[in-house]
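Trainee: Structure below; questions to follow.
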Amino acid sequence: MISKNESFPDALSAEKKVVFVARKDLPALFDSLWTNGFRILGPTLGEGAIVYDELNGIGDLPIGWTDEQEGATYRLKKRDDEALFGYNVGPHAWKKFLFPPKHRLWSAEASNGLKITEEKQATQKYALFGVKACELKAILIQDKVFLGGEHVDPVYQARREDALLIAVNCTQAGKTCFCVSMDAGPRAESGFDLCLTEILKEGEHYFIVEIGSAQGAEIMANVPHSYETGEAEKTIQTITAKTAKQMGRVMDTENIQSLLQDNFDHPRWDDVASRCLTCANCTMACPTCFCSTVEDVTDITGNHAERWRQWDSCFTMDFTYMNHGHARASAKSRYRQWMTHKLSAWFDQFGTSGCVGCGRCITWCPVAIDITEEVSAIRESQTAAKPTSS
Ligand code: SF4
Ligand code: SF4
């Protein structure tokens, strides 16, 4: 509900961390981001899907569109309203901006002695606009991977440090979503600069905006808004609780680490291998997968060389190639590696699951392999094998 309009800045104090913004005033948020030097990246229609790209105005958002998803199925569909965020997640993950699919690390010239030039790190500030709760959690997981250890990744660090995260709470869930099982949604709890909840009912269209950082407050200083009158928290809870009930998939994560560790030779790995094409789609679409390789290229004279880093996958044959051959030559060993890393070994490495339940690997697998179904199959056979007490 929109009440009296007040203008910033009148100090966005700790007690005033939630405000209302009318739909008609949302362009002012874009203006404020541009004024503060940000380029805006967010959801837009492209390639027959809702993808992430640069936004040049509110009109670039997928207004009035939604998506329908199932295993190996994705369809765009018109909504019967003008919702800006009325869709689930698409094939792109935000990692494409923070951990680019292809990136030159250095170049070398051999014409006047050897000169090696390291690639300069990005200085452009980006606002990631429309980050869903599961995606926010995926970014926080990749923070641990790229920034958390002894060896910090400078490419990711430069992009991440200047990134402004504008989250959006999900008002609907798709048939391949299971973020509730992974404790990753549908509400964005922390880690954002701003978080929007879209309200579209009874002729009203507005946003509840939660402010999560000083920078978020600074951006909001130029956006017309009104202060919430006490009902915002309840409204957000009601909407996200309804979304939570719509999850199309569930994953039982109880003792999942030991379940997978204890079932290294389970026959289900042969079953899934007989269906898996080892195409690597699941790892490309996954917001937390981070494997990469490097490739050196030269020009035809041999005087100019470059080293590029590009995404790779545990599903490609060459990824584990060593002197003696491929460490994981079979589809069975590659699928097992991917799933047990995601759901088990990731805890040992990073203290968290590597899965946020976004469902992309189910939607974008060409043969509809479903990680939730694979876990269930192993778990059910274990339960069935347990002796009953008499
Ligand atoms: S494993 Fe699948 S469901 Fe989990 S985060 Fe990756 S793409 Fe999403
Ligand atoms: S599980 Fe599906 S998406 Fe992943 S490699 Fe196998 S066939 Fe491709």
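Going through the structure tokens in order, the chains are called A, B, and so on, while each chain numbers its residues from 1 and the ligands are numbered from 1 in the order shown.
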List the neighbours of A:Pro267 out to 12 Å using only C-alpha atoms; skip same-chain residues closer than 3 positions along the sequence, and give me the result as an mmCIF file with N, CA and C atoms, in the first residue's frame.
Mentor:
data_model
loop_
_atom_site.group_PDB
_atom_site.id
_atom_site.type_symbol
_atom_site.label_atom_id
_atom_site.label_comp_id
_atom_site.auth_asym_id
_atom_site.auth_seq_id
_atom_site.Cartn_x
_atom_site.Cartn_y
_atom_site.Cartn_z
ATOM 1 N N ASN A 263 27.503 -44.668 -0.864
ATOM 2 C CA ASN A 263 26.908 -45.328 -2.032
ATOM 3 C C ASN A 263 27.706 -45.081 -3.312
ATOM 4 N N PHE A 264 29.002 -45.127 -3.166
ATOM 5 C CA PHE A 264 29.885 -44.889 -4.314
ATOM 6 C C PHE A 264 29.644 -45.914 -5.430
ATOM 7 N N ASP A 270 24.948 -46.385 -12.688
ATOM 8 C CA ASP A 270 24.917 -46.977 -14.046
ATOM 9 C C ASP A 270 23.639 -46.561 -14.758
ATOM 10 N N ASP A 271 22.554 -46.533 -14.002
ATOM 11 C CA ASP A 271 21.261 -46.161 -14.589
ATOM 12 C C ASP A 271 21.300 -44.726 -15.135
ATOM 13 N N VAL A 272 21.787 -43.799 -14.314
ATOM 14 C CA VAL A 272 21.816 -42.395 -14.773
ATOM 15 C C VAL A 272 22.827 -42.229 -15.907
ATOM 16 N N ALA A 273 23.916 -42.986 -15.863
ATOM 17 C CA ALA A 273 24.922 -42.893 -16.933
ATOM 18 C C ALA A 273 24.357 -43.359 -18.273
ATOM 19 N N SER A 274 23.410 -44.283 -18.221
ATOM 20 C CA SER A 274 22.829 -44.776 -19.477
ATOM 21 C C SER A 274 21.943 -43.711 -20.135
ATOM 22 N N LYS A 332 29.419 -42.565 -16.148
ATOM 23 C CA LYS A 332 29.070 -42.892 -14.756
ATOM 24 C C LYS A 332 29.972 -42.130 -13.782
ATOM 25 N N ARG A 336 28.619 -39.046 -11.378
ATOM 26 C CA ARG A 336 28.784 -39.287 -9.928
ATOM 27 C C ARG A 336 29.664 -38.202 -9.301
ATOM 28 N N GLU A 374 17.413 -38.441 -8.563
ATOM 29 C CA GLU A 374 18.585 -39.313 -8.387
ATOM 30 C C GLU A 374 18.891 -39.509 -6.897
ATOM 31 N N ALA A 377 16.227 -41.845 -5.463
ATOM 32 C CA ALA A 377 16.392 -43.252 -5.853
ATOM 33 C C ALA A 377 17.432 -43.942 -4.958
ATOM 34 N N ILE A 378 18.529 -43.235 -4.687
ATOM 35 C CA ILE A 378 19.560 -43.835 -3.826
ATOM 36 C C ILE A 378 19.035 -43.958 -2.397
ATOM 37 N N SER A 381 16.434 -46.854 -1.999
ATOM 38 C CA SER A 381 16.999 -48.204 -2.004
ATOM 39 C C SER A 381 17.684 -48.499 -0.667
ATOM 40 N N GLN A 382 18.254 -47.449 -0.054
ATOM 41 C CA GLN A 382 18.889 -47.616 1.260
ATOM 42 C C GLN A 382 17.849 -47.957 2.304
#
Trainee: Applying 8 Å and only C-alpha atoms, which residues near stretch 233-242 of chain A remain after dropping the ones on its own chain fewer than 3 positions away? List them as a list in words.
Mentor: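 Counting only the stated atoms, we get Asn169, Cys170, Thr171, Gln172, Pro186, Arg187, Thr197, Gly230, Lys245 and Gln246 of chain A.
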Trainee: Kindly give the distance, in Å, that separates atom CA of A:Ala305 and atom CA of A:Ala110, rounded to a single decimal.
Mentor: 8.5 Å
Trainee: Enumerate as an MDAnalysis selection string the residues within 9 Å of ligand 1, counting only C-alpha atoms and all ligand atoms.
Mentor: chainID A and resid 134:135 138 176:179 182 282:289 338:339 342:343 353:364 370:372
Trainee: Which residues are near ligand 2 in this structure, taking near to mean any atom at most 6 Å from a ligand atom and counting only C-alpha atoms and all ligand atoms? Format them as a list of chain:residue names.
Mentor: A:Cys276, A:Leu277, A:Thr278, A:Cys279, A:Ala280, A:Asn281, A:Cys282, A:Phe315, A:Cys365, A:Pro366, A:Val367, A:Ile369
Trainee: Of the candidates A:Thr320, A:Asn36, A:Thr117, A:Asn88, which one gets nearest to A:Lys132 if we count only C-alpha atoms?
Mentor: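 Selected residue with least distance to A:Lys132: A:Asn88.
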Trainee: Do a neighbour search on A:Glu161 at 12 Å with only C-alpha atoms, toss out local chain neighbours closer than 4 positions, and write the hits as a list in words.
Mentor: Leu98, Gln121, Ala122, Thr123, Gln124, Lys125, Tyr126, Ala127, Asp143, Leu147, Asp153, Pro154, Val155, Tyr156, Gln157 and Leu165 of chain A
Trainee: Generate the output file for the selected residues, N, CA, C and O atoms, as a PDB file, in the first residue's frame.
Mentor:
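Output contents, as saved in again-v3.pdb:
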ATOM      1  N   LEU A  98      30.253 -12.172 -13.127  1.00  0.00           N
ATOM      2  CA  LEU A  98      31.269 -12.129 -12.073  1.00  0.00           C
ATOM      3  C   LEU A  98      32.449 -13.065 -12.382  1.00  0.00           C
ATOM      4  O   LEU A  98      33.579 -12.817 -11.943  1.00  0.00           O
ATOM      5  N   GLN A 121      42.156  -5.476 -14.661  1.00  0.00           N
ATOM      6  CA  GLN A 121      40.871  -5.926 -14.105  1.00  0.00           C
ATOM      7  C   GLN A 121      39.782  -4.893 -14.376  1.00  0.00           C
ATOM      8  O   GLN A 121      40.053  -3.704 -14.534  1.00  0.00           O
ATOM      9  N   ALA A 122      38.536  -5.391 -14.417  1.00  0.00           N
ATOM     10  CA  ALA A 122      37.383  -4.534 -14.724  1.00  0.00           C
ATOM     11  C   ALA A 122      37.247  -3.416 -13.698  1.00  0.00           C
ATOM     12  O   ALA A 122      37.448  -3.639 -12.498  1.00  0.00           O
ATOM     13  N   THR A 123      36.946  -2.207 -14.158  1.00  0.00           N
ATOM     14  CA  THR A 123      36.725  -1.102 -13.221  1.00  0.00           C
ATOM     15  C   THR A 123      35.279  -0.610 -13.278  1.00  0.00           C
ATOM     16  O   THR A 123      34.860   0.186 -12.449  1.00  0.00           O
ATOM     17  N   GLN A 124      34.521  -1.089 -14.250  1.00  0.00           N
ATOM     18  CA  GLN A 124      33.121  -0.684 -14.365  1.00  0.00           C
ATOM     19  C   GLN A 124      32.304  -1.232 -13.182  1.00  0.00           C
ATOM     20  O   GLN A 124      32.466  -2.389 -12.804  1.00  0.00           O
ATOM     21  N   LYS A 125      31.457  -0.375 -12.619  1.00  0.00           N
ATOM     22  CA  LYS A 125      30.587  -0.837 -11.523  1.00  0.00           C
ATOM     23  C   LYS A 125      29.286  -1.386 -12.129  1.00  0.00           C
ATOM     24  O   LYS A 125      28.691  -0.736 -12.995  1.00  0.00           O
ATOM     25  N   TYR A 126      28.863  -2.555 -11.653  1.00  0.00           N
ATOM     26  CA  TYR A 126      27.628  -3.159 -12.155  1.00  0.00           C
ATOM     27  C   TYR A 126      26.600  -3.278 -11.037  1.00  0.00           C
ATOM     28  O   TYR A 126      26.946  -3.626  -9.908  1.00  0.00           O
ATOM     29  N   ALA A 127      25.350  -2.997 -11.399  1.00  0.00           N
ATOM     30  CA  ALA A 127      24.242  -3.305 -10.496  1.00  0.00           C
ATOM     31  C   ALA A 127      23.557  -4.541 -11.049  1.00  0.00           C
ATOM     32  O   ALA A 127      23.123  -4.550 -12.206  1.00  0.00           O
ATOM     33  N   ASP A 143      31.419 -16.644  -3.669  1.00  0.00           N
ATOM     34  CA  ASP A 143      32.339 -15.786  -2.893  1.00  0.00           C
ATOM     35  C   ASP A 143      33.320 -16.653  -2.105  1.00  0.00           C
ATOM     36  O   ASP A 143      34.512 -16.362  -2.020  1.00  0.00           O
ATOM     37  N   LEU A 147      36.932 -16.159  -3.261  1.00  0.00           N
ATOM     38  CA  LEU A 147      37.537 -15.153  -2.376  1.00  0.00           C
ATOM     39  C   LEU A 147      37.901 -15.700  -0.999  1.00  0.00           C
ATOM     40  O   LEU A 147      38.628 -15.054  -0.243  1.00  0.00           O
ATOM     41  N   ASP A 153      40.776 -15.081  -6.388  1.00  0.00           N
ATOM     42  CA  ASP A 153      40.726 -14.909  -7.840  1.00  0.00           C
ATOM     43  C   ASP A 153      40.556 -13.414  -8.163  1.00  0.00           C
ATOM     44  O   ASP A 153      39.523 -12.819  -7.848  1.00  0.00           O
ATOM     45  N   PRO A 154      41.568 -12.792  -8.792  1.00  0.00           N
ATOM     46  CA  PRO A 154      41.502 -11.339  -9.000  1.00  0.00           C
ATOM     47  C   PRO A 154      40.418 -10.901  -9.983  1.00  0.00           C
ATOM     48  O   PRO A 154      39.887  -9.799  -9.858  1.00  0.00           O
ATOM     49  N   VAL A 155      40.080 -11.759 -10.939  1.00  0.00           N
ATOM     50  CA  VAL A 155      39.042 -11.409 -11.930  1.00  0.00           C
ATOM     51  C   VAL A 155      37.690 -11.303 -11.215  1.00  0.00           C
ATOM     52  O   VAL A 155      36.956 -10.320 -11.340  1.00  0.00           O
ATOM     53  N   TYR A 156      37.378 -12.332 -10.442  1.00  0.00           N
ATOM     54  CA  TYR A 156      36.112 -12.345  -9.699  1.00  0.00           C
ATOM     55  C   TYR A 156      36.105 -11.220  -8.663  1.00  0.00           C
ATOM     56  O   TYR A 156      35.117 -10.495  -8.520  1.00  0.00           O
ATOM     57  N   GLN A 157      37.218 -11.054  -7.972  1.00  0.00           N
ATOM     58  CA  GLN A 157      37.292 -10.063  -6.896  1.00  0.00           C
ATOM     59  C   GLN A 157      36.984  -8.651  -7.409  1.00  0.00           C
ATOM     60  O   GLN A 157      36.198  -7.921  -6.818  1.00  0.00           O
ATOM     61  N   LEU A 165      24.032  -5.496  -5.383  1.00  0.00           N
ATOM     62  CA  LEU A 165      23.073  -6.599  -5.535  1.00  0.00           C
ATOM     63  C   LEU A 165      21.664  -6.133  -5.189  1.00  0.00           C
ATOM     64  O   LEU A 165      21.379  -5.776  -4.039  1.00  0.00           O
TER      65      LEU A 165
END
Trainee: Kindly indicate which residue among A:Glu118, A:Asp67, A:Asp318, A:Asp252 lies nearest to A:Gly174, using only C-alpha atoms for the distances.
Mentor: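 Looking only at the distances to A:Gly174, the closest residue turns out to be A:Asp67.
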Trainee: Just want the 6 Å neighbourhood of stretch 205-208 of chain A, counted on only C-alpha atoms, with same-chain residues fewer than 2 positions away dropped. Output as a PyMOL selection string.
Mentor: chain A and resi 19-23+196-200
Trainee: Restricting the output to C-alpha atoms, write the selected residues as a PDB file, in the first residue's frame.
Mentor:
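Saved to result_37.pdb:
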ATOM      1  CA  VAL A  19      10.111   1.741   2.162  1.00  0.00           C
ATOM      2  CA  PHE A  20       7.416   1.604  -0.502  1.00  0.00           C
ATOM      3  CA  VAL A  21       8.080   2.649  -4.084  1.00  0.00           C
ATOM      4  CA  ALA A  22       5.243   3.060  -6.595  1.00  0.00           C
ATOM      5  CA  ARG A  23       5.597   1.292  -9.970  1.00  0.00           C
ATOM      6  CA  LEU A 196      12.294  -5.668  -3.815  1.00  0.00           C
ATOM      7  CA  THR A 197       8.987  -7.434  -3.283  1.00  0.00           C
ATOM      8  CA  GLU A 198       6.526  -6.764  -6.096  1.00  0.00           C
ATOM      9  CA  ILE A 199       2.916  -6.183  -5.077  1.00  0.00           C
ATOM     10  CA  LEU A 200       0.303  -6.276  -7.791  1.00  0.00           C
TER      11      LEU A 200
END
Trainee: List every residue of stretch 204-380 of chain A that DSSP, applied to the backbone of this structure, places in strand (DSSP E), and write the result as a list in words.
Mentor: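 So the strand (DSSP E) residues in stretch 204-380 of chain A would be Glu204, His205, Tyr206, Phe207, Ile208, Val209, Glu210, Ile211, Ser226, Tyr227, Ser292, Thr293, Val294, Glu295, Asp296, Val297, Thr298, His304, Ala305, Glu306, Arg307, Trp308, Arg309, Gln310, Trp311, Tyr321, Met322, Gly325 and His326 of chain A.
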Trainee: Please measure the separation of atom CA of A:Ser330 and atom CA of A:Arg275, giving the value in Å to one decimal.
Mentor: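 Spanning atom CA of A:Ser330 to atom CA of A:Arg275 is a straight-line distance of 12.5 Å.
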Trainee: Considering only C-alpha atoms, state which residue in the set A:Asp53, A:Glu380, A:Asp312, A:Glu306 is at the smallest distance from A:Ser292.
Mentor: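 Closest residue, counting only C-alpha atoms: A:Asp312.
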Trainee: In stretch 99-329 of chain A, what's alpha helix (DSSP H) per DSSP? Answer as a PyMOL selection string?
Mentor: chain A and resi 133-147+154-161+214-220+232-245+256-261+268-275+281-285
